[in-house]
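The next block holds one structure in the form of structure tokens; read it before the comments.
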Amino acid sequence: MQPSKRDLPNAESTAKELVIPVLREELSVGKRTVDTGRGVHIDKTVSEYPFRIDELLLHDEIEVTHLPVDRLVDPDAVPVSRYEGDAFVIPVLEEVLVLEKRMRIKEEIRITKKVREERRAETVMLKSEDVVVKRFGDSSEA
């Protein structure tokens with residue numbers, strides 16, 4: 001940049017003042033939106049694969065046993081169903097004719113529950129999804 005006549009020293013101002021031009025640069029910063037492409041394409045595929053399971057399953061089995069008892073009981077104290085350990089005991093009553101009428105336990109039915117383990121293996125099909133994202137209309141593609 002060249003100094004103007006006003007900035008040059010002349011005879012009158014030589015003794016008094018000297019003018020030196022000072023320059024300054026300015027920067028302007030801004031933002032703008034740039035379209036980088038038109039969109040994306042997403043592919044999703046579902047695939048199946050075998051998966052083997054091996055689990056221990058429990059089964060309940062019921063065992064019914066008839067036990068003859070043949071015991072007389074008082075009609076006012078008739079036994080009721082009850083648990084004895086793992087067995088549920090149900091008394092079976094009948095009236096019998098003697099010179100007098102008495103209660104006699106004819107038999108008991110014992111119901112016992114047993115747990116049985118069984119190993120079972122099976123193959124089941126599980127699904128899995130895969131996703132691929134592709135950009136199209138990208139400005140870098142030319």
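In the structure tokens, chains take the letters A, B, ... in the order shown, each chain's residues start at 1, and ligands count up from 1 in the order shown.
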Non-local contacts of A:Val46 (8 Å; only C-alpha atoms; under 3 positions in same chain excluded) as number ranges by chain:
A: 127-130
Atom CA of A:Arg82 sits from atom CA of A:His59 at a separation of 23.6 Å
Which of these, A:Leu56, A:Val124, A:Val92, A:Leu99, has the shortest distance to A:Pro68 once you count only C-alpha atoms?
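Nearest candidate to A:Pro68 out of A:Leu56, A:Val124, A:Val92, A:Leu99: A:Val92.
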Using Å and a single decimal, report how far atom CA of A:Arg110 sits from atom CA of A:Leu93.
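According to the coordinates, atom CA of A:Leu93 and atom CA of A:Arg110 are separated by 14.4 Å.
Between atom CA of A:Arg102 and atom CA of A:Asp76 there is a distance of 10.0 Å.
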Extract the full set of strand (DSSP E) residues from stretch 38-138 of chain A according to DSSP on the backbone, and format it as an NGL selection string.
:A and (39-73 or 82-84 or 87-97 or 101-136)
Contacts of A:Val69 at 9 Å or less, counting only C-alpha atoms, minus same-chain residues fewer than 3 places along, as a list in words?
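Contacts, with the query itself left out: Arg104, Ile105, Lys106, Glu107 and Glu108 of chain A.
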Selected residues written out with N, CA and C atoms, as a JSON list (two decimals), in the first residue's frame:
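Listed below is the output, part-v6.json:
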```
[["chain", "number", "residue", "atom", "x", "y", "z"],
["A", 104, "ARG", "N", -63.48, -99.24, 62.18],
["A", 104, "ARG", "CA", -62.24, -99.97, 61.95],
["A", 104, "ARG", "C", -61.59, -99.37, 60.70],
["A", 105, "ILE", "N", -60.28, -99.13, 60.76],
["A", 105, "ILE", "CA", -59.57, -98.66, 59.56],
["A", 105, "ILE", "C", -59.33, -99.89, 58.70],
["A", 106, "LYS", "N", -59.92, -99.87, 57.55],
["A", 106, "LYS", "CA", -59.78, -101.01, 56.63],
["A", 106, "LYS", "C", -58.43, -100.97, 55.93],
["A", 107, "GLU", "N", -58.06, -99.81, 55.43],
["A", 107, "GLU", "CA", -56.77, -99.65, 54.75],
["A", 107, "GLU", "C", -56.41, -98.19, 54.72],
["A", 108, "GLU", "N", -55.20, -97.89, 54.37],
["A", 108, "GLU", "CA", -54.74, -96.52, 54.13],
["A", 108, "GLU", "C", -54.19, -96.45, 52.72]]
```
At a cut-off of 12 Å, using only C-alpha atoms, what residues contact A:Val131? Leave out same-chain residues fewer than 6 positions from it and give the result as an MDAnalysis selection string.
chainID A and resid 41:47
Take the residues just selected and output them with C-alpha atoms as a compact mmCIF listing (two decimals), in the first residue's frame.
```txt
# COMPACT_ATOMS: atom_id res chain seq x y z
CA HIS A 41 -29.37 -46.99 2.16
CA ILE A 42 -29.74 -49.46 5.02
CA ASP A 43 -29.75 -53.21 4.41
CA LYS A 44 -30.94 -55.44 7.24
CA THR A 45 -30.69 -59.18 6.94
CA VAL A 46 -31.95 -61.84 9.31
CA SER A 47 -30.06 -65.07 9.57
```
Excluding A:Thr123 and its own-chain neighbours fewer than 2 positions away, which residues fall within 10 Å of it when counting only C-alpha atoms? Please give them as an MDAnalysis selection string.
chainID A and resid 49:54 121 125:126
Could those selected residues go to a file with C-alpha atoms, as a compact mmCIF listing (two decimals), in the first residue's frame?
```txt
# COMPACT_ATOMS: atom_id res chain seq x y z
CA TYR A 49 -28.24 -70.34 13.30
CA PRO A 50 -28.61 -73.49 15.39
CA PHE A 51 -28.14 -73.22 19.14
CA ARG A 52 -27.99 -76.38 21.24
CA ILE A 53 -29.58 -76.33 24.69
CA ASP A 54 -28.96 -79.00 27.29
CA ALA A 121 -30.78 -81.88 24.85
CA MET A 125 -33.00 -72.10 15.77
CA LEU A 126 -32.07 -68.59 16.93
```
Mind checking which residues fall within 8 Å of A:Ile109, counting only C-alpha atoms, ignoring those fewer than 5 positions away in the same chain, and posting them as number ranges by chain?
A: 64-67, 89-92
Point out the residue among A:Ile111, A:Leu27, A:Val133, A:Val19 with the least atom-to-atom distance to A:Ser81, counting only C-alpha atoms.
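Smallest distance to A:Ser81 is found for A:Ile111.
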